[in-house]
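What follows is one structure encoded as structure tokens, with my remarks underneath.
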Amino acid sequence: MPKGIPNPAAMYGIYSRPWGFEVSIVRNGVRHHRLFGKASYGGAEQALLQAQDWRDFIVRNVPPQARRVRAEKRRANNSTGVPGVFHHLAPGGRVRAWMAKTYIAPDEILRTDFPVAELGDAAQALAVQERAQQLKRMTGLARIHPAEEAIRMGLSAHAPGPRTAKRSKSEITRRNNTSGVSGVHFKTPKPNHPGYWLAITYTTGKGSVSKAFSVKVHGTDVAKSLAIAERERQLADKQRTEEAAATAASQRTASGAKRAGG
């Protein structure tokens, strides 16, 4: 969006990329960042929904600073040493007055001047005290984007439709895949070889499992179908292995917590 114009609520903190969507939100100097690829979620629609869900989670759980805390930070152009306290200089550089100023709302700006000619050295201290009193009237969180408050209140800026779980790398169909099915590839080991269809799946901790189906033996279409069926079987085995590992890890955690509790 042009400078000074906030992104639409649905796209707040979200940036469209050729491969999907990037979420980036900064809180107190810390950048919360995550990528949501179209290939990982089966298309742009699901990738965007997942990006919006994560953006909403960050907004709700990592709120911006309180307005008062932010107002108490010293700006780089502050020359008095106290945020919100300024001095008026006479043409010769002499301090003519001290001023306390606080922006509360567009229609409420608090300002009080303390002339040095009338108050002497006490003018600066009085301005500092007045600034502290003004800050007591400042409430709420820093306004980062118009959508933030609605998100924190649970008013979603996007549809609550169904979500697709993130695909593992082995489930993503690559651009150079000729079968249209991830993990299924056509191979020709040498020129004039009829080739074969290969089903291959990688499982963390177990390595790769593969099986080939010869075109010479089965024919092109049947060999491809057999490879696709084999790939589905491999993925099912992989899922069972991962679920069993997750269950075992959960049981070990629960057992350890039980022992620790006596």
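Every chain in the structure tokens takes a letter, A first, then B, and so on in the order presented; its residues are numbered from 1, and the ligands are numbered from 1 following the presented order.
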**Item:** Near-Arg60 (chain A) list (10 Å; only C-alpha atoms; drop same-chain fewer than 2 positions) as number ranges by chain
**Value:** A: 54-58, 62-64, 148-154
For the residues selected in the previous step, produce a file with all heavy atoms as a CSV table (one decimal), in the first residue's frame.
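Result went into result-v9.csv, see below:
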```
chain,number,residue,atom,x,y,z
A,54,TRP,N,-2.0,-17.3,12.0
A,54,TRP,CA,-0.8,-17.1,12.8
A,54,TRP,C,-0.7,-15.6,13.1
A,54,TRP,O,-0.2,-15.3,14.3
A,54,TRP,CB,0.4,-17.6,12.0
A,54,TRP,CG,1.6,-17.6,12.9
A,54,TRP,CD1,1.9,-18.6,13.9
A,54,TRP,CD2,2.7,-16.7,12.9
A,54,TRP,NE1,3.1,-18.3,14.4
A,54,TRP,CE2,3.6,-17.2,13.9
A,54,TRP,CE3,3.0,-15.6,12.1
A,54,TRP,CZ2,4.8,-16.5,14.1
A,54,TRP,CZ3,4.2,-14.9,12.4
A,54,TRP,CH2,5.1,-15.4,13.3
A,55,ARG,N,-1.0,-14.7,12.2
A,55,ARG,CA,-0.9,-13.3,12.4
A,55,ARG,C,-1.8,-12.9,13.6
A,55,ARG,O,-1.5,-12.2,14.5
A,55,ARG,CB,-1.3,-12.5,11.2
A,55,ARG,CG,-1.3,-11.0,11.2
A,55,ARG,CD,-2.6,-10.4,11.7
A,55,ARG,NE,-3.8,-10.9,11.2
A,55,ARG,CZ,-4.4,-10.6,10.0
A,55,ARG,NH1,-3.8,-9.7,9.3
A,55,ARG,NH2,-5.5,-11.2,9.7
A,56,ASP,N,-3.1,-13.5,13.6
A,56,ASP,CA,-4.0,-13.2,14.7
A,56,ASP,C,-3.5,-13.7,16.0
A,56,ASP,O,-3.7,-13.1,17.1
A,56,ASP,CB,-5.4,-13.9,14.4
A,56,ASP,CG,-6.1,-13.2,13.2
A,56,ASP,OD1,-5.5,-12.2,12.7
A,56,ASP,OD2,-7.2,-13.7,12.9
A,57,PHE,N,-2.8,-14.9,16.0
A,57,PHE,CA,-2.3,-15.4,17.3
A,57,PHE,C,-1.2,-14.5,17.8
A,57,PHE,O,-1.2,-14.2,19.0
A,57,PHE,CB,-1.6,-16.8,17.0
A,57,PHE,CG,-0.9,-17.4,18.1
A,57,PHE,CD1,-1.5,-18.0,19.2
A,57,PHE,CD2,0.5,-17.2,18.2
A,57,PHE,CE1,-0.8,-18.5,20.2
A,57,PHE,CE2,1.2,-17.7,19.3
A,57,PHE,CZ,0.6,-18.4,20.3
A,58,ILE,N,-0.3,-13.9,17.0
A,58,ILE,CA,0.7,-13.0,17.5
A,58,ILE,C,0.0,-11.7,18.0
A,58,ILE,O,0.4,-11.2,19.0
A,58,ILE,CB,1.7,-12.7,16.3
A,58,ILE,CG1,2.4,-13.9,15.9
A,58,ILE,CG2,2.6,-11.6,16.7
A,58,ILE,CD1,3.3,-14.5,17.0
A,62,VAL,N,0.9,-11.2,21.8
A,62,VAL,CA,2.0,-10.3,22.0
A,62,VAL,C,1.6,-8.9,21.7
A,62,VAL,O,1.8,-8.3,20.6
A,62,VAL,CB,3.2,-10.6,21.0
A,62,VAL,CG1,4.5,-9.9,21.4
A,62,VAL,CG2,3.5,-12.1,21.1
A,63,PRO,N,0.8,-8.2,22.6
A,63,PRO,CA,0.3,-6.9,22.3
A,63,PRO,C,1.3,-5.8,22.3
A,63,PRO,O,2.4,-6.0,22.8
A,63,PRO,CB,-0.7,-6.7,23.5
A,63,PRO,CG,-0.1,-7.5,24.6
A,63,PRO,CD,0.5,-8.7,23.9
A,64,PRO,N,1.0,-4.7,21.6
A,64,PRO,CA,2.0,-3.6,21.6
A,64,PRO,C,2.1,-3.0,22.9
A,64,PRO,O,1.4,-3.3,23.9
A,64,PRO,CB,1.4,-2.7,20.5
A,64,PRO,CG,-0.1,-2.9,20.6
A,64,PRO,CD,-0.2,-4.4,20.9
A,148,GLU,N,-5.9,-4.2,14.6
A,148,GLU,CA,-5.4,-4.9,15.8
A,148,GLU,C,-6.4,-5.0,16.9
A,148,GLU,O,-6.6,-6.1,17.5
A,148,GLU,CB,-4.1,-4.2,16.3
A,148,GLU,CG,-2.9,-4.4,15.5
A,148,GLU,CD,-1.7,-4.8,16.3
A,148,GLU,OE1,-1.8,-4.8,17.5
A,148,GLU,OE2,-0.7,-5.2,15.7
A,149,GLU,N,-7.1,-3.9,17.2
A,149,GLU,CA,-8.1,-4.0,18.3
A,149,GLU,C,-9.2,-5.0,18.0
A,149,GLU,O,-9.6,-5.8,18.9
A,149,GLU,CB,-8.7,-2.6,18.5
A,149,GLU,CG,-9.6,-2.6,19.7
A,149,GLU,CD,-10.1,-1.2,20.1
A,149,GLU,OE1,-9.7,-0.2,19.4
A,149,GLU,OE2,-10.9,-1.1,21.0
A,150,ALA,N,-9.7,-5.0,16.8
A,150,ALA,CA,-10.7,-6.0,16.4
A,150,ALA,C,-10.2,-7.4,16.5
A,150,ALA,O,-10.9,-8.3,17.0
A,150,ALA,CB,-11.2,-5.7,15.0
A,151,ILE,N,-9.0,-7.7,16.1
A,151,ILE,CA,-8.4,-9.0,16.2
A,151,ILE,C,-8.3,-9.4,17.6
A,151,ILE,O,-8.6,-10.6,18.0
A,151,ILE,CB,-7.0,-9.1,15.5
A,151,ILE,CG1,-7.2,-8.9,14.0
A,151,ILE,CG2,-6.3,-10.4,15.8
A,151,ILE,CD1,-5.9,-8.7,13.2
A,152,ARG,N,-7.8,-8.5,18.5
A,152,ARG,CA,-7.7,-8.9,19.9
A,152,ARG,C,-9.0,-9.2,20.6
A,152,ARG,O,-9.1,-9.9,21.5
A,152,ARG,CB,-7.0,-7.7,20.7
A,152,ARG,CG,-5.4,-7.7,20.4
A,152,ARG,CD,-4.8,-6.8,21.4
A,152,ARG,NE,-5.1,-5.4,21.2
A,152,ARG,CZ,-4.5,-4.6,20.4
A,152,ARG,NH1,-3.4,-5.0,19.8
A,152,ARG,NH2,-4.8,-3.3,20.3
A,153,MET,N,-10.1,-8.5,20.0
A,153,MET,CA,-11.4,-8.8,20.6
A,153,MET,C,-12.1,-10.0,20.0
A,153,MET,O,-13.2,-10.4,20.4
A,153,MET,CB,-12.3,-7.6,20.3
A,153,MET,CG,-11.9,-6.3,21.0
A,153,MET,SD,-12.9,-4.8,20.4
A,153,MET,CE,-14.5,-5.4,20.9
A,154,GLY,N,-11.3,-10.7,19.1
A,154,GLY,CA,-11.9,-12.0,18.6
A,154,GLY,C,-12.7,-11.8,17.3
A,154,GLY,O,-13.4,-12.7,16.9
```
**Request:** Find the residues around Ala44 (chain A) up to 7 Å (only C-alpha atoms counted), leave out those fewer than 4 positions away in its own chain, and share them as a count of residues only.
**Result:** 3
**Request:** Just list the residues in region 24-223 of chain A DSSP gives strand (DSSP E) on the backbone, as an MDAnalysis selection string.
**Result:** chainID A and resid 24:27 30:37 85:89 95:105 108:115 184:187 196:203 207:214
**Message:** So that I can check the surroundings of Asn192 (chain A), please list as a PyMOL selection string every protein, DNA and RNA residue that reaches within 12 Å of it, counting only C-alpha atoms and ignoring chain neighbours fewer than 4 positions away.
**Reply:** chain A and resi 187-188+216
Could the residues in this selection be saved with all heavy atoms as a compact mmCIF listing (two decimals), in the first residue's frame?
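What follows is the written file out_32.txt:
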```txt
# COMPACT_ATOMS: atom_id res chain seq x y z
N LYS A 187 11.87 -43.09 -14.37
CA LYS A 187 13.32 -43.16 -14.49
C LYS A 187 13.72 -43.98 -15.72
O LYS A 187 13.08 -44.98 -16.04
CB LYS A 187 13.93 -43.83 -13.24
CG LYS A 187 13.61 -43.13 -11.93
CD LYS A 187 14.36 -41.81 -11.81
CE LYS A 187 14.14 -41.18 -10.44
NZ LYS A 187 14.91 -39.92 -10.29
N THR A 188 14.78 -43.52 -16.38
CA THR A 188 15.38 -44.29 -17.48
C THR A 188 16.88 -44.38 -17.19
O THR A 188 17.61 -43.40 -17.37
CB THR A 188 15.15 -43.60 -18.83
OG1 THR A 188 15.54 -42.23 -18.73
CG2 THR A 188 13.69 -43.68 -19.24
N LYS A 216 8.60 -52.37 -18.97
CA LYS A 216 8.68 -53.55 -19.84
C LYS A 216 7.80 -54.68 -19.33
O LYS A 216 7.16 -55.39 -20.11
CB LYS A 216 10.14 -54.03 -19.91
CG LYS A 216 10.36 -55.21 -20.83
CD LYS A 216 11.83 -55.58 -20.91
CE LYS A 216 12.06 -56.75 -21.84
NZ LYS A 216 13.50 -57.12 -21.94
```
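Contact shell of Asp237 (chain A) at 12 Å (only C-alpha atoms; same-chain neighbours under 3 positions omitted): Thr201, Tyr202, Thr203, Lys206, Val209, Glu230, Arg231, Glu232, Arg233, Gln234, Arg240, Thr241, Glu242, Glu243 and Ala244 of chain A.
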Could you write out the selected residues, including N, CA, C and O atoms, as a short mmCIF file (atom, residue, chain, number, x, y, z; two decimals), in the first residue's frame?
```
data_model
loop_
_atom_site.label_atom_id
_atom_site.label_comp_id
_atom_site.auth_asym_id
_atom_site.auth_seq_id
_atom_site.Cartn_x
_atom_site.Cartn_y
_atom_site.Cartn_z
N THR A 201 9.77 -42.64 -0.65
CA THR A 201 9.33 -41.83 0.49
C THR A 201 10.43 -41.78 1.53
O THR A 201 11.03 -42.81 1.85
N TYR A 202 10.68 -40.59 2.03
CA TYR A 202 11.70 -40.41 3.07
C TYR A 202 11.04 -40.23 4.42
O TYR A 202 10.09 -39.45 4.56
N THR A 203 11.50 -40.96 5.42
CA THR A 203 11.01 -40.83 6.79
C THR A 203 12.17 -40.50 7.70
O THR A 203 13.21 -41.18 7.67
N LYS A 206 14.62 -43.02 9.51
CA LYS A 206 14.57 -44.33 8.87
C LYS A 206 15.17 -44.32 7.47
O LYS A 206 15.42 -45.38 6.90
N VAL A 209 12.51 -45.22 1.59
CA VAL A 209 11.92 -46.49 1.18
C VAL A 209 11.48 -46.32 -0.26
O VAL A 209 10.82 -45.33 -0.60
N GLU A 230 1.75 -47.71 -4.53
CA GLU A 230 2.85 -47.97 -3.60
C GLU A 230 3.20 -46.72 -2.80
O GLU A 230 3.48 -46.79 -1.60
N ARG A 231 3.18 -45.60 -3.48
CA ARG A 231 3.47 -44.33 -2.78
C ARG A 231 2.45 -44.08 -1.67
O ARG A 231 2.81 -43.67 -0.56
N GLU A 232 1.18 -44.33 -1.94
CA GLU A 232 0.14 -44.16 -0.93
C GLU A 232 0.38 -45.08 0.26
O GLU A 232 0.18 -44.69 1.42
N ARG A 233 0.81 -46.32 -0.02
CA ARG A 233 1.09 -47.26 1.06
C ARG A 233 2.29 -46.78 1.89
O ARG A 233 2.27 -46.86 3.13
N GLN A 234 3.31 -46.29 1.21
CA GLN A 234 4.48 -45.77 1.91
C GLN A 234 4.11 -44.59 2.82
O GLN A 234 4.58 -44.49 3.96
N ARG A 240 1.86 -43.75 10.23
CA ARG A 240 1.76 -44.63 11.40
C ARG A 240 3.03 -44.57 12.25
O ARG A 240 2.98 -44.54 13.48
N THR A 241 4.17 -44.55 11.57
CA THR A 241 5.46 -44.48 12.28
C THR A 241 5.57 -43.18 13.07
O THR A 241 5.99 -43.17 14.23
N GLU A 242 5.20 -42.08 12.43
CA GLU A 242 5.31 -40.78 13.09
C GLU A 242 4.32 -40.67 14.24
O GLU A 242 4.64 -40.09 15.29
N GLU A 243 3.11 -41.20 14.07
CA GLU A 243 2.12 -41.15 15.15
C GLU A 243 2.57 -41.99 16.34
O GLU A 243 2.40 -41.60 17.50
N ALA A 244 3.17 -43.16 16.04
CA ALA A 244 3.67 -44.02 17.12
C ALA A 244 4.80 -43.34 17.87
O ALA A 244 4.88 -43.40 19.10
#
```
**Residue neighbourhood Arg131 (chain A), 9 Å, only C-alpha atoms, exclusion window fewer than 4 positions, as an MDAnalysis selection string** = chainID A and resid 83:85 99:102 111:112 126:127 135:136
Dump of C-alpha atoms for the selected residues, as a compact mmCIF listing (two decimals), in the first residue's frame:
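Everything below was put into out_7.txt:
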```
# COMPACT_ATOMS: atom_id res chain seq x y z
CA PRO A 83 10.32 13.11 26.68
CA GLY A 84 7.46 15.55 26.23
CA VAL A 85 9.38 18.47 27.75
CA MET A 99 6.87 23.50 28.01
CA ALA A 100 5.16 20.18 28.82
CA LYS A 101 3.18 18.71 25.94
CA THR A 102 1.33 15.38 25.57
CA ARG A 111 0.22 21.80 26.76
CA THR A 112 1.44 24.03 29.55
CA LEU A 126 7.64 22.46 36.93
CA ALA A 127 7.50 21.42 33.26
CA LEU A 135 0.87 11.12 31.22
CA LYS A 136 -1.57 9.90 33.88
```
**Request:** Tell me, as a list in words, which residues lie within 12 Å of Glu118 (chain A), counting only C-alpha atoms; anything in the same chain fewer than 6 positions away does not count.
**Result:** Arg96, Ala97, Trp98 and Gln124 of chain A
Can those selected residues be exported to a file as an mmCIF file, in the first residue's frame so that it contains C-alpha atoms?
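Dumped to selection.cif:
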```cif
data_model
loop_
_atom_site.group_PDB
_atom_site.id
_atom_site.type_symbol
_atom_site.label_atom_id
_atom_site.label_comp_id
_atom_site.auth_asym_id
_atom_site.auth_seq_id
_atom_site.Cartn_x
_atom_site.Cartn_y
_atom_site.Cartn_z
ATOM 1 C CA ARG A 96 12.852 31.693 27.394
ATOM 2 C CA ALA A 97 10.364 29.070 28.624
ATOM 3 C CA TRP A 98 9.890 25.371 29.343
ATOM 4 C CA GLN A 124 12.157 23.365 34.080
#
```
